[in-house]
Amino acid sequence: MTEFLQHLVNGLSVGTIYALVALGYTMVYGVLKLINFAHGDVYMVGAFAGYYLSDLVGVRPPWADPPPGAGETFVKATIVTMGSMIICGLLGYLIERFAYRPLRHQARLTALITAIGVSFLLEFGFQLSPLVRSPIEFPPGPSPRVFPALLARDGYEVLGVNLSNYDIIGLLVALGLMLGLQWIVYRTRFGTAMRAVSFDSQVAGLMGIPVNRIISWTFVLGSALAAAAGIINAVSRPRIEPLFGLMAGLKAFVAAVLGGIGSVPGAMVGGLVLGLAEEYVAGYTDSSYRDAIAFTVLILVLLVRPAGLFGRLTVEKV
Amino acid sequence: MSGNILEVSDLRVDYGGIQALRGVSLAVPEGQVVALIGANGAGKTTTLRALSKMLRPTTGTVRFLGEDVTRLQSHQLVARGMAHAPEGRGIFLNLTVRENLELGAYLRRDRAGIAADADKNYALFPILAERRDQVSGTLSGGEQQMLAVARALMSRPKLLLLDEPSLGLAPQVVQRIFQVLREVSESGVSLLLVEQNAHKALQLAHRAYVLETGNIFMTGTGQELLASPEVRKAYLGE
Ligand SMILES: Nc1ncnc2c1ncn2[C@@H]1O[C@H](COP(=O)(O)OP(=O)(O)OP(=O)(O)O)[C@@H](O)[C@H]1O
Ligand SMILES: [Mg+2]
């Protein structure tokens with residue numbers, strides 16, 4: 001039982017990361033019918049942006065002398081997280097504006113290949129040795145860096161399960177962001193416009209919806225969520241390097257497909273299910289299976305239910 | 001301004017090598033109903049789509065309310081008072097009836113006015129009122145057609161482009177739609193109406209154009225075309 005609960009905690013912690021990243025895939029797919037393969041790398045950039053921002057605002061480790069107070073910790077962690085979300089939001093905007101928009105009316109494959117190109121640009125661009133040395137060393141280069149401790153880790157043991165404030169805060173922030181997004185998509189004028197654009201962007205234009213602006217904001221939102229995921233993840237698992245977005249991105253993509261690509265609630269559920277599945281299978285069998293789970297899930301979904309869990313039922317009348 | 005709300009000259013559209021419009025010129029006088037009729041594939045839908053920028057014309061100029069709008073995008077035209085109920089209805093089947101209507105008023109800010117116009121539409125089409133919180137994908141084809149017309153009215157357009165608004169409707173509903181269009185026209189809105197139901201369209205229209213394989217083949221008042229032997233033979237099934 002204890003083991004079961006421990007896996008639950010770990011699975012949720014990983015699953016919320018997948019869910020946050022999967023939302024970006026699914027939203028962009030919704031409005032552009034494009035798999036944005038660079039999205040996993042935006043998640044990576046989010047972690048690095050947090051890394052640099054921590055340096056710039058002078059995040060002091062919990063073991064500094066004197067240790068940072070609760071107020072200082074909170075303010076700096078917030079600045080780092082929000083700052084990274086803004087930076088990645090801007091990055092997402094630029095990627096859409098300059099890489100994808102010029103190809104909007106070309107064959108679908110052209111944009112897909114461009115997405116892979118943008119992904120390589122970020123992955124390998126970040127592996128270059130630093131061109132700038134001050135105030136930050138950028139690009140970071142290929143060797144892993146350690147993400148600074150934004151806050152002191154407090155571990156607890158509840159019913160024999162190891163929990164930390166990292167897990168709890170990460171979970172709460174992720175859930176808050178997902179609820180916020182759910183609200184935006186289903187309760188605001190922008191969200192209705194976004195759903196209209198994803199159903200039929202030409203007709204959306206006939207309603208007076210500025211389609212390009214909606215698409216830009218969709219990238220901004222999705223990328224900001226990926227950045228938040230990058231920070232939450234890096235706080236618990238602080239080793240970051242330019243290629244670590246690749247695997248996380250692939251898994252989040254699987255989560256989006258599992259939930260039904262294009263479906264916002266689907267991405268959330270898909271992420272959580274995938275995180276839990278990985279954790280339970282790896283926990284009860286062999287941990288070396290962990291990375292195989294996602295791809296097994298992908299194959300199963302495509303075989304059994306290609307539309308995914310929340311895939312749109314086609315009710316089109318002609 | 002020349003009294004024309006819309007002036008189109010030499011509009012050409014190519015679909016990758018196929019010339020769908022070969023230089024269409026037409027005008028919609030302010031406050032009038034202009035009908036555009038023609039056989040299947042003549043280019044009627046293409047004309048409307050080029051006007052509302054669902055597609056980009058190859059050449060030609062479009063003036064709307066005296067302004068050259070040739071380079072504007074769809075949403076900018078809506079902001080200037082053009083609405084288009086497209087062929088195939090263009091209902092957002094993933095959204096509710098209410099959300100579809102609200103999107104029709106996307107650029108308006110007057111909440112009270114929007115609610116009043118929605119109520120007006122519900123009164124015109126009571127079935128939509130019954131279905132207002134239902135996902136539009138569950139509506140019948142005819143109900144979707146009514147929603148498309150109602151939604152186009154929600155932006156309070158000055159010019160309304162309609163692509164076969166009576167398609168697939170039961171006779172009484174066709175009557176109702178034409179009645180609604182007459183009222184809309186009497187309230188001062190200009191209409192550019194594409195219709196298979198040429199008889200009804202010509203009766204309503206002040207002026208009409210006949211399109212044939214991408215060219216304007218004939219024009220005149222609605223009555224003139226109704227009386228024309230060629231039109232009677234080709235489009236009124238006589
Ligand atoms: N997307 C497209 N690609 C290629 N050709 C097209 C496309 N859309 C229309 N066409 C062609 O352009 C011509 C005009 O089509 P359009 O849809 O404008 O006709 P229409 O007058 O509206 O006909 P209908 O009464 O059947 O609706 C047709 O020959 C059609 O085959
Ligand atoms: Mg047509």
# chains A, B, ... in the order shown; residues from 1 in each chain; ligands from 1
>>> closest_atom_pairs(of="range 206-257 of chain A", to="range 19-23 of chain A", cutoff="12 Å", atoms="only C-alpha atoms", output="JSON lines")
{"residue": "A:Thr218", "atom": "CA", "partner": "A:Leu23", "partner_atom": "CA", "distance": 10.3}
{"residue": "A:Phe219", "atom": "CA", "partner": "A:Leu23", "partner_atom": "CA", "distance": 10.6}
{"residue": "A:Val220", "atom": "CA", "partner": "A:Leu23", "partner_atom": "CA", "distance": 11.9}
{"residue": "A:Leu221", "atom": "CA", "partner": "A:Leu23", "partner_atom": "CA", "distance": 9.2}
{"residue": "A:Gly222", "atom": "CA", "partner": "A:Leu23", "partner_atom": "CA", "distance": 6.4}
{"residue": "A:Ser223", "atom": "CA", "partner": "A:Val21", "partner_atom": "CA", "distance": 8.2}
{"residue": "A:Ala224", "atom": "CA", "partner": "A:Leu20", "partner_atom": "CA", "distance": 9.5}
{"residue": "A:Leu225", "atom": "CA", "partner": "A:Leu20", "partner_atom": "CA", "distance": 5.8}
{"residue": "A:Ala226", "atom": "CA", "partner": "A:Val21", "partner_atom": "CA", "distance": 4.9}
{"residue": "A:Ala227", "atom": "CA", "partner": "A:Val21", "partner_atom": "CA", "distance": 8.5}
{"residue": "A:Ala228", "atom": "CA", "partner": "A:Leu20", "partner_atom": "CA", "distance": 7.9}
{"residue": "A:Ala229", "atom": "CA", "partner": "A:Leu20", "partner_atom": "CA", "distance": 6.0}
{"residue": "A:Gly230", "atom": "CA", "partner": "A:Val21", "partner_atom": "CA", "distance": 8.7}
{"residue": "A:Ile231", "atom": "CA", "partner": "A:Leu20", "partner_atom": "CA", "distance": 11.4}
{"residue": "A:Ile232", "atom": "CA", "partner": "A:Leu20", "partner_atom": "CA", "distance": 10.3}
{"residue": "A:Asn233", "atom": "CA", "partner": "A:Leu20", "partner_atom": "CA", "distance": 10.9}
{"residue": "A:Gly245", "atom": "CA", "partner": "A:Val21", "partner_atom": "CA", "distance": 10.2}
{"residue": "A:Leu246", "atom": "CA", "partner": "A:Val21", "partner_atom": "CA", "distance": 11.8}
{"residue": "A:Met247", "atom": "CA", "partner": "A:Val21", "partner_atom": "CA", "distance": 11.7}
{"residue": "A:Ala248", "atom": "CA", "partner": "A:Val21", "partner_atom": "CA", "distance": 8.3}
{"residue": "A:Gly249", "atom": "CA", "partner": "A:Val21", "partner_atom": "CA", "distance": 7.2}
{"residue": "A:Leu250", "atom": "CA", "partner": "A:Ala22", "partner_atom": "CA", "distance": 9.4}
{"residue": "A:Lys251", "atom": "CA", "partner": "A:Ala22", "partner_atom": "CA", "distance": 8.4}
{"residue": "A:Ala252", "atom": "CA", "partner": "A:Ala22", "partner_atom": "CA", "distance": 4.6}
{"residue": "A:Phe253", "atom": "CA", "partner": "A:Ala22", "partner_atom": "CA", "distance": 5.8}
{"residue": "A:Val254", "atom": "CA", "partner": "A:Ala22", "partner_atom": "CA", "distance": 8.0}
{"residue": "A:Ala255", "atom": "CA", "partner": "A:Ala22", "partner_atom": "CA", "distance": 6.1}
{"residue": "A:Ala256", "atom": "CA", "partner": "A:Ala22", "partner_atom": "CA", "distance": 5.1}
{"residue": "A:Val257", "atom": "CA", "partner": "A:Ala22", "partner_atom": "CA", "distance": 8.7}
>>> write_last_selection(atoms="N, CA, C and O atoms", output="compact mmCIF listing (two decimals), in the first residue's frame")
# COMPACT_ATOMS: atom_id res chain seq x y z
N THR A 218 -2.14 31.75 -28.92
CA THR A 218 -2.14 30.33 -28.60
C THR A 218 -0.72 29.83 -28.39
O THR A 218 -0.43 29.10 -27.44
N PHE A 219 0.20 30.27 -29.26
CA PHE A 219 1.60 29.91 -29.09
C PHE A 219 2.15 30.48 -27.78
O PHE A 219 2.90 29.82 -27.06
N VAL A 220 1.79 31.73 -27.50
CA VAL A 220 2.29 32.38 -26.29
C VAL A 220 1.84 31.58 -25.05
O VAL A 220 2.64 31.24 -24.18
N LEU A 221 0.55 31.25 -25.02
CA LEU A 221 0.02 30.52 -23.87
C LEU A 221 0.68 29.15 -23.72
O LEU A 221 1.13 28.77 -22.63
N GLY A 222 0.73 28.42 -24.82
CA GLY A 222 1.28 27.06 -24.77
C GLY A 222 2.74 27.10 -24.34
O GLY A 222 3.19 26.29 -23.52
N SER A 223 3.50 28.07 -24.85
CA SER A 223 4.92 28.15 -24.53
C SER A 223 5.12 28.57 -23.08
O SER A 223 6.04 28.08 -22.40
N ALA A 224 4.26 29.44 -22.58
CA ALA A 224 4.37 29.86 -21.19
C ALA A 224 4.10 28.68 -20.26
O ALA A 224 4.78 28.50 -19.24
N LEU A 225 3.15 27.84 -20.62
CA LEU A 225 2.88 26.66 -19.80
C LEU A 225 4.07 25.71 -19.82
O LEU A 225 4.43 25.11 -18.80
N ALA A 226 4.69 25.57 -21.00
CA ALA A 226 5.87 24.71 -21.08
C ALA A 226 6.99 25.25 -20.19
O ALA A 226 7.70 24.49 -19.53
N ALA A 227 7.13 26.58 -20.16
CA ALA A 227 8.16 27.18 -19.31
C ALA A 227 7.89 26.88 -17.85
O ALA A 227 8.80 26.50 -17.10
N ALA A 228 6.63 27.01 -17.44
CA ALA A 228 6.30 26.71 -16.05
C ALA A 228 6.63 25.25 -15.74
O ALA A 228 7.20 24.93 -14.69
N ALA A 229 6.31 24.37 -16.69
CA ALA A 229 6.65 22.95 -16.50
C ALA A 229 8.15 22.78 -16.38
O ALA A 229 8.64 22.02 -15.54
N GLY A 230 8.90 23.49 -17.20
CA GLY A 230 10.36 23.41 -17.16
C GLY A 230 10.90 23.80 -15.79
O GLY A 230 11.83 23.17 -15.27
N ILE A 231 10.32 24.84 -15.20
CA ILE A 231 10.78 25.29 -13.89
C ILE A 231 10.39 24.28 -12.80
O ILE A 231 11.22 23.86 -12.00
N ILE A 232 9.11 23.87 -12.83
CA ILE A 232 8.66 22.93 -11.79
C ILE A 232 9.51 21.67 -11.82
O ILE A 232 9.95 21.15 -10.79
N ASN A 233 9.78 21.19 -13.02
CA ASN A 233 10.57 19.99 -13.16
C ASN A 233 12.00 20.21 -12.69
O ASN A 233 12.56 19.38 -11.97
N GLY A 245 14.91 18.47 -23.41
CA GLY A 245 13.54 18.70 -23.83
C GLY A 245 13.04 17.66 -24.82
O GLY A 245 11.84 17.50 -25.03
N LEU A 246 14.00 16.95 -25.40
CA LEU A 246 13.65 16.02 -26.47
C LEU A 246 12.73 14.91 -25.98
O LEU A 246 11.64 14.70 -26.49
N MET A 247 13.19 14.18 -24.95
CA MET A 247 12.41 13.05 -24.45
C MET A 247 11.12 13.53 -23.78
O MET A 247 10.05 12.98 -24.02
N ALA A 248 11.23 14.60 -22.98
CA ALA A 248 10.03 15.12 -22.32
C ALA A 248 9.02 15.57 -23.37
O ALA A 248 7.82 15.32 -23.23
N GLY A 249 9.52 16.18 -24.43
CA GLY A 249 8.63 16.64 -25.49
C GLY A 249 7.93 15.48 -26.16
O GLY A 249 6.72 15.52 -26.40
N LEU A 250 8.68 14.43 -26.45
CA LEU A 250 8.08 13.26 -27.10
C LEU A 250 7.00 12.66 -26.21
O LEU A 250 5.92 12.31 -26.67
N LYS A 251 7.31 12.56 -24.92
CA LYS A 251 6.34 11.94 -24.02
C LYS A 251 5.09 12.81 -23.88
O LYS A 251 3.97 12.31 -23.85
N ALA A 252 5.30 14.12 -23.81
CA ALA A 252 4.14 15.00 -23.71
C ALA A 252 3.31 14.90 -24.98
O ALA A 252 2.08 14.96 -24.94
N PHE A 253 4.00 14.73 -26.10
CA PHE A 253 3.27 14.56 -27.36
C PHE A 253 2.41 13.29 -27.30
O PHE A 253 1.24 13.29 -27.68
N VAL A 254 3.01 12.22 -26.76
CA VAL A 254 2.23 10.98 -26.60
C VAL A 254 1.03 11.24 -25.69
O VAL A 254 -0.09 10.79 -25.96
N ALA A 255 1.26 12.01 -24.63
CA ALA A 255 0.16 12.32 -23.71
C ALA A 255 -0.96 13.05 -24.44
O ALA A 255 -2.14 12.77 -24.24
N ALA A 256 -0.58 13.98 -25.33
CA ALA A 256 -1.58 14.74 -26.08
C ALA A 256 -2.36 13.81 -27.01
O ALA A 256 -3.58 13.93 -27.14
N VAL A 257 -1.65 12.87 -27.63
CA VAL A 257 -2.33 11.93 -28.53
C VAL A 257 -3.24 11.02 -27.73
O VAL A 257 -4.37 10.72 -28.12
>>> residues_near_ligand(ligand="ligand 2", cutoff="8 Å", atoms="only C-alpha atoms and all ligand atoms", output="PyMOL selection string")
chain B and resi 40-41+43-46+87+163-164+194
>>> write_last_selection(atoms="all heavy atoms", output="PDB file, in the first residue's frame")
ATOM      1  N   ASN B  40     -24.477  25.562 -61.621  1.00  0.00           N
ATOM      2  CA  ASN B  40     -23.475  24.990 -60.719  1.00  0.00           C
ATOM      3  C   ASN B  40     -22.093  25.188 -61.328  1.00  0.00           C
ATOM      4  O   ASN B  40     -21.894  24.952 -62.518  1.00  0.00           O
ATOM      5  CB  ASN B  40     -23.705  23.491 -60.522  1.00  0.00           C
ATOM      6  CG  ASN B  40     -24.990  23.208 -59.748  1.00  0.00           C
ATOM      7  OD1 ASN B  40     -25.816  22.432 -60.179  1.00  0.00           O
ATOM      8  ND2 ASN B  40     -25.144  23.860 -58.622  1.00  0.00           N
ATOM      9  N   GLY B  41     -21.175  25.640 -60.494  1.00  0.00           N
ATOM     10  CA  GLY B  41     -19.803  25.798 -60.967  1.00  0.00           C
ATOM     11  C   GLY B  41     -19.555  27.089 -61.728  1.00  0.00           C
ATOM     12  O   GLY B  41     -18.471  27.297 -62.267  1.00  0.00           O
ATOM     13  N   GLY B  43     -19.248  30.049 -60.508  1.00  0.00           N
ATOM     14  CA  GLY B  43     -18.315  30.914 -59.789  1.00  0.00           C
ATOM     15  C   GLY B  43     -18.993  31.833 -58.790  1.00  0.00           C
ATOM     16  O   GLY B  43     -18.385  32.802 -58.314  1.00  0.00           O
ATOM     17  N   LYS B  44     -20.217  31.523 -58.415  1.00  0.00           N
ATOM     18  CA  LYS B  44     -20.956  32.384 -57.477  1.00  0.00           C
ATOM     19  C   LYS B  44     -20.304  32.361 -56.095  1.00  0.00           C
ATOM     20  O   LYS B  44     -20.017  33.402 -55.494  1.00  0.00           O
ATOM     21  CB  LYS B  44     -22.419  31.913 -57.365  1.00  0.00           C
ATOM     22  CG  LYS B  44     -23.114  31.791 -58.705  1.00  0.00           C
ATOM     23  CD  LYS B  44     -24.539  31.304 -58.567  1.00  0.00           C
ATOM     24  CE  LYS B  44     -24.682  29.893 -58.007  1.00  0.00           C
ATOM     25  NZ  LYS B  44     -24.185  28.823 -58.893  1.00  0.00           N
ATOM     26  N   THR B  45     -20.067  31.141 -55.599  1.00  0.00           N
ATOM     27  CA  THR B  45     -19.428  31.016 -54.290  1.00  0.00           C
ATOM     28  C   THR B  45     -18.041  31.631 -54.312  1.00  0.00           C
ATOM     29  O   THR B  45     -17.638  32.333 -53.383  1.00  0.00           O
ATOM     30  CB  THR B  45     -19.350  29.526 -53.904  1.00  0.00           C
ATOM     31  OG1 THR B  45     -20.680  29.024 -53.796  1.00  0.00           O
ATOM     32  CG2 THR B  45     -18.621  29.329 -52.595  1.00  0.00           C
ATOM     33  N   THR B  46     -17.328  31.386 -55.401  1.00  0.00           N
ATOM     34  CA  THR B  46     -15.983  31.942 -55.520  1.00  0.00           C
ATOM     35  C   THR B  46     -16.032  33.465 -55.435  1.00  0.00           C
ATOM     36  O   THR B  46     -15.174  34.088 -54.799  1.00  0.00           O
ATOM     37  CB  THR B  46     -15.352  31.493 -56.846  1.00  0.00           C
ATOM     38  OG1 THR B  46     -15.374  30.062 -56.886  1.00  0.00           O
ATOM     39  CG2 THR B  46     -13.927  31.982 -56.973  1.00  0.00           C
ATOM     40  N   GLU B  87     -21.197  29.406 -48.072  1.00  0.00           N
ATOM     41  CA  GLU B  87     -21.735  28.145 -48.555  1.00  0.00           C
ATOM     42  C   GLU B  87     -21.354  27.036 -47.580  1.00  0.00           C
ATOM     43  O   GLU B  87     -20.268  27.048 -47.009  1.00  0.00           O
ATOM     44  CB  GLU B  87     -21.132  27.818 -49.934  1.00  0.00           C
ATOM     45  CG  GLU B  87     -21.698  26.572 -50.559  1.00  0.00           C
ATOM     46  CD  GLU B  87     -21.147  26.340 -51.964  1.00  0.00           C
ATOM     47  OE1 GLU B  87     -19.924  26.094 -52.108  1.00  0.00           O
ATOM     48  OE2 GLU B  87     -21.919  26.419 -52.906  1.00  0.00           O
ATOM     49  N   ASP B 163     -24.834  33.029 -49.235  1.00  0.00           N
ATOM     50  CA  ASP B 163     -24.614  31.984 -50.225  1.00  0.00           C
ATOM     51  C   ASP B 163     -25.645  30.876 -50.044  1.00  0.00           C
ATOM     52  O   ASP B 163     -25.513  30.035 -49.165  1.00  0.00           O
ATOM     53  CB  ASP B 163     -23.185  31.431 -50.106  1.00  0.00           C
ATOM     54  CG  ASP B 163     -22.725  30.760 -51.388  1.00  0.00           C
ATOM     55  OD1 ASP B 163     -23.590  30.317 -52.165  1.00  0.00           O
ATOM     56  OD2 ASP B 163     -21.503  30.680 -51.603  1.00  0.00           O
ATOM     57  N   GLU B 164     -26.660  30.905 -50.851  1.00  0.00           N
ATOM     58  CA  GLU B 164     -27.735  29.916 -50.834  1.00  0.00           C
ATOM     59  C   GLU B 164     -28.347  29.714 -49.451  1.00  0.00           C
ATOM     60  O   GLU B 164     -28.314  28.630 -48.895  1.00  0.00           O
ATOM     61  CB  GLU B 164     -27.215  28.585 -51.385  1.00  0.00           C
ATOM     62  CG  GLU B 164     -26.600  28.788 -52.767  1.00  0.00           C
ATOM     63  CD  GLU B 164     -26.509  27.502 -53.575  1.00  0.00           C
ATOM     64  OE1 GLU B 164     -27.268  26.571 -53.270  1.00  0.00           O
ATOM     65  OE2 GLU B 164     -25.687  27.463 -54.496  1.00  0.00           O
ATOM     66  N   VAL B 194     -26.735  35.016 -53.329  1.00  0.00           N
ATOM     67  CA  VAL B 194     -26.536  33.921 -54.274  1.00  0.00           C
ATOM     68  C   VAL B 194     -27.615  32.895 -54.002  1.00  0.00           C
ATOM     69  O   VAL B 194     -27.824  32.520 -52.845  1.00  0.00           O
ATOM     70  CB  VAL B 194     -25.137  33.286 -54.084  1.00  0.00           C
ATOM     71  CG1 VAL B 194     -25.050  31.942 -54.780  1.00  0.00           C
ATOM     72  CG2 VAL B 194     -24.061  34.231 -54.598  1.00  0.00           C
TER      73      VAL B 194
END
>>> interface_residues(of="chain A", to="chain B", cutoff="12 Å", atoms="only C-alpha atoms", output="compact mmCIF listing (two decimals) with N, CA and C atoms, in the first residue's frame")
# COMPACT_ATOMS: atom_id res chain seq x y z
N HIS A 105 0.41 28.69 -45.94
CA HIS A 105 -0.40 28.21 -47.07
C HIS A 105 0.34 27.20 -47.93
N VAL A 185 -10.10 28.88 -21.95
CA VAL A 185 -10.56 28.24 -23.19
C VAL A 185 -12.08 28.12 -23.24
N TYR A 186 -12.69 27.85 -22.08
CA TYR A 186 -14.13 27.59 -22.11
C TYR A 186 -15.00 28.72 -21.60
N ARG A 187 -14.41 29.75 -21.01
CA ARG A 187 -15.26 30.78 -20.41
C ARG A 187 -15.01 32.19 -20.93
N THR A 188 -13.95 32.39 -21.73
CA THR A 188 -13.68 33.77 -22.16
C THR A 188 -13.95 33.93 -23.65
N ARG A 189 -14.02 35.18 -24.05
CA ARG A 189 -14.23 35.51 -25.45
C ARG A 189 -13.04 35.01 -26.27
N PHE A 190 -11.83 35.19 -25.72
CA PHE A 190 -10.65 34.70 -26.42
C PHE A 190 -10.73 33.19 -26.63
N GLY A 191 -11.16 32.48 -25.57
CA GLY A 191 -11.24 31.02 -25.65
C GLY A 191 -12.24 30.57 -26.70
N THR A 192 -13.39 31.24 -26.74
CA THR A 192 -14.39 30.88 -27.74
C THR A 192 -13.81 31.12 -29.13
N ALA A 193 -13.10 32.24 -29.28
CA ALA A 193 -12.48 32.53 -30.57
C ALA A 193 -11.46 31.45 -30.92
N MET A 194 -10.70 31.01 -29.93
CA MET A 194 -9.69 29.98 -30.18
C MET A 194 -10.35 28.68 -30.64
N ARG A 195 -11.44 28.32 -29.98
CA ARG A 195 -12.13 27.09 -30.37
C ARG A 195 -12.74 27.24 -31.77
N ALA A 196 -13.19 28.46 -32.07
CA ALA A 196 -13.73 28.69 -33.41
C ALA A 196 -12.63 28.56 -34.46
N VAL A 197 -11.46 29.16 -34.18
CA VAL A 197 -10.35 29.07 -35.12
C VAL A 197 -9.95 27.62 -35.31
N SER A 198 -9.96 26.83 -34.22
CA SER A 198 -9.53 25.45 -34.41
C SER A 198 -10.58 24.65 -35.18
N PHE A 199 -11.82 25.07 -35.14
CA PHE A 199 -12.80 24.34 -35.94
C PHE A 199 -12.72 24.72 -37.41
N ASP A 200 -12.64 26.03 -37.70
CA ASP A 200 -12.57 26.48 -39.08
C ASP A 200 -12.05 27.91 -39.09
N SER A 201 -10.77 28.07 -39.43
CA SER A 201 -10.17 29.39 -39.27
C SER A 201 -10.71 30.38 -40.31
N GLN A 202 -11.08 29.89 -41.49
CA GLN A 202 -11.62 30.83 -42.49
C GLN A 202 -12.94 31.43 -42.03
N VAL A 203 -13.82 30.55 -41.55
CA VAL A 203 -15.11 31.06 -41.09
C VAL A 203 -14.92 31.92 -39.85
N ALA A 204 -13.94 31.57 -39.02
CA ALA A 204 -13.66 32.40 -37.85
C ALA A 204 -13.35 33.83 -38.29
N GLY A 205 -12.60 33.97 -39.38
CA GLY A 205 -12.31 35.30 -39.91
C GLY A 205 -13.59 36.04 -40.28
N LEU A 206 -14.57 35.30 -40.80
CA LEU A 206 -15.84 35.93 -41.19
C LEU A 206 -16.62 36.45 -39.98
N MET A 207 -16.28 35.96 -38.80
CA MET A 207 -16.94 36.46 -37.59
C MET A 207 -16.29 37.74 -37.10
N GLY A 208 -15.18 38.12 -37.73
CA GLY A 208 -14.45 39.29 -37.25
C GLY A 208 -13.31 38.91 -36.32
N ILE A 209 -13.06 37.61 -36.18
CA ILE A 209 -11.97 37.17 -35.30
C ILE A 209 -10.64 37.40 -36.02
N PRO A 210 -9.71 38.13 -35.40
CA PRO A 210 -8.39 38.29 -36.02
C PRO A 210 -7.61 36.99 -35.86
N VAL A 211 -7.68 36.15 -36.87
CA VAL A 211 -7.18 34.78 -36.75
C VAL A 211 -5.70 34.73 -36.40
N ASN A 212 -4.91 35.59 -37.06
CA ASN A 212 -3.47 35.54 -36.78
C ASN A 212 -3.16 35.89 -35.33
N ARG A 213 -3.90 36.85 -34.81
CA ARG A 213 -3.64 37.24 -33.43
C ARG A 213 -4.00 36.10 -32.47
N ILE A 214 -5.09 35.41 -32.77
CA ILE A 214 -5.49 34.29 -31.91
C ILE A 214 -4.42 33.19 -31.96
N GLY A 262 -5.79 18.00 -29.81
CA GLY A 262 -6.75 19.07 -30.06
C GLY A 262 -7.66 19.29 -28.87
N SER A 263 -7.70 18.33 -27.93
CA SER A 263 -8.59 18.46 -26.78
C SER A 263 -7.83 18.94 -25.55
N GLY A 311 -11.10 12.34 -27.89
CA GLY A 311 -11.16 12.72 -29.30
C GLY A 311 -12.56 13.15 -29.69
N ARG A 312 -12.61 14.11 -30.58
CA ARG A 312 -13.88 14.69 -30.99
C ARG A 312 -14.74 13.62 -31.67
N LEU A 313 -15.95 13.47 -31.20
CA LEU A 313 -16.89 12.62 -31.91
C LEU A 313 -17.32 13.38 -33.14
N THR A 314 -17.28 12.73 -34.29
CA THR A 314 -17.65 13.47 -35.49
C THR A 314 -19.16 13.49 -35.63
N VAL A 315 -19.69 14.69 -35.51
CA VAL A 315 -21.14 14.85 -35.65
C VAL A 315 -21.45 15.78 -36.81
N GLU A 316 -20.49 15.84 -37.75
CA GLU A 316 -20.70 16.77 -38.86
C GLU A 316 -21.88 16.35 -39.72
N LYS A 317 -22.70 17.33 -40.02
CA LYS A 317 -23.82 17.09 -40.95
C LYS A 317 -23.47 17.73 -42.28
N VAL A 318 -23.69 17.03 -43.34
CA VAL A 318 -23.37 17.62 -44.64
C VAL A 318 -24.64 17.87 -45.44
>>> residues_around(residues="range 225-235 of chain B", least_positions_apart="4", cutoff="8 Å", atoms="only C-alpha atoms", output="PyMOL selection string")
chain B and resi 38-39+198-199+202-203+208+219-221
>>> closest_residue(among="B:Leu181, B:Ala112, B:Met146, B:Ile216", to="ligand 1", atoms="only C-alpha atoms and all ligand atoms")
B:Ile216
>>> atom_distance(atom1="CA of Val42 in chain A", atom2="CA of Thr73 in chain A")
25.4 Å
>>> residues_around(residues="Gln175 in chain B", least_positions_apart="4", cutoff="12 Å", atoms="only C-alpha atoms", output="PyMOL selection string")
chain B and resi 165-166+169-171+179-182+197+200-201+204
>>> select_by_dssp(residues="range 132-304 of chain A", states="alpha helix (DSSP H)", output="PyMOL selection string")
chain A and resi 165-187+189-199+201-206+211-236+244-259+264-284+290-304
>>> closest_residue(among="B:Asp14, B:Asp117, B:Asp133, B:Glu183", to="ligand 1", atoms="only C-alpha atoms and all ligand atoms")
B:Asp14
>>> residues_around(residues="Glu241 in chain A", least_positions_apart="3", cutoff="8 Å", atoms="only C-alpha atoms", output="short mmCIF file (atom, residue, chain, number, x, y, z; two decimals) with N, CA and C atoms, in the first residue's frame")
data_model
loop_
_atom_site.label_atom_id
_atom_site.label_comp_id
_atom_site.auth_asym_id
_atom_site.auth_seq_id
_atom_site.Cartn_x
_atom_site.Cartn_y
_atom_site.Cartn_z
N MET A 44 12.63 23.11 -22.57
CA MET A 44 14.03 23.18 -22.18
C MET A 44 14.47 24.63 -22.00
N PRO A 142 27.16 22.31 -24.08
CA PRO A 142 26.57 20.98 -23.96
C PRO A 142 26.59 20.36 -22.56
N SER A 143 27.45 20.81 -21.68
CA SER A 143 27.52 20.07 -20.41
C SER A 143 26.38 20.47 -19.48
N PRO A 144 25.89 19.50 -18.70
CA PRO A 144 24.74 19.76 -17.83
C PRO A 144 25.05 20.85 -16.81
N ARG A 145 24.02 21.57 -16.45
CA ARG A 145 24.14 22.56 -15.39
C ARG A 145 23.16 22.22 -14.29
N PHE A 244 17.55 17.96 -22.99
CA PHE A 244 16.60 17.23 -22.15
C PHE A 244 15.15 17.50 -22.51
#
>>> select_by_dssp(residues="range 26-72 of chain B", states="strand (DSSP E or B)", output="ChimeraX atom specification")
/B:26-29,33-38,59-64,67-68
>>> atom_distance(atom1="CA of Phe64 in chain B", atom2="CA of His206 in chain B")
19.0 Å
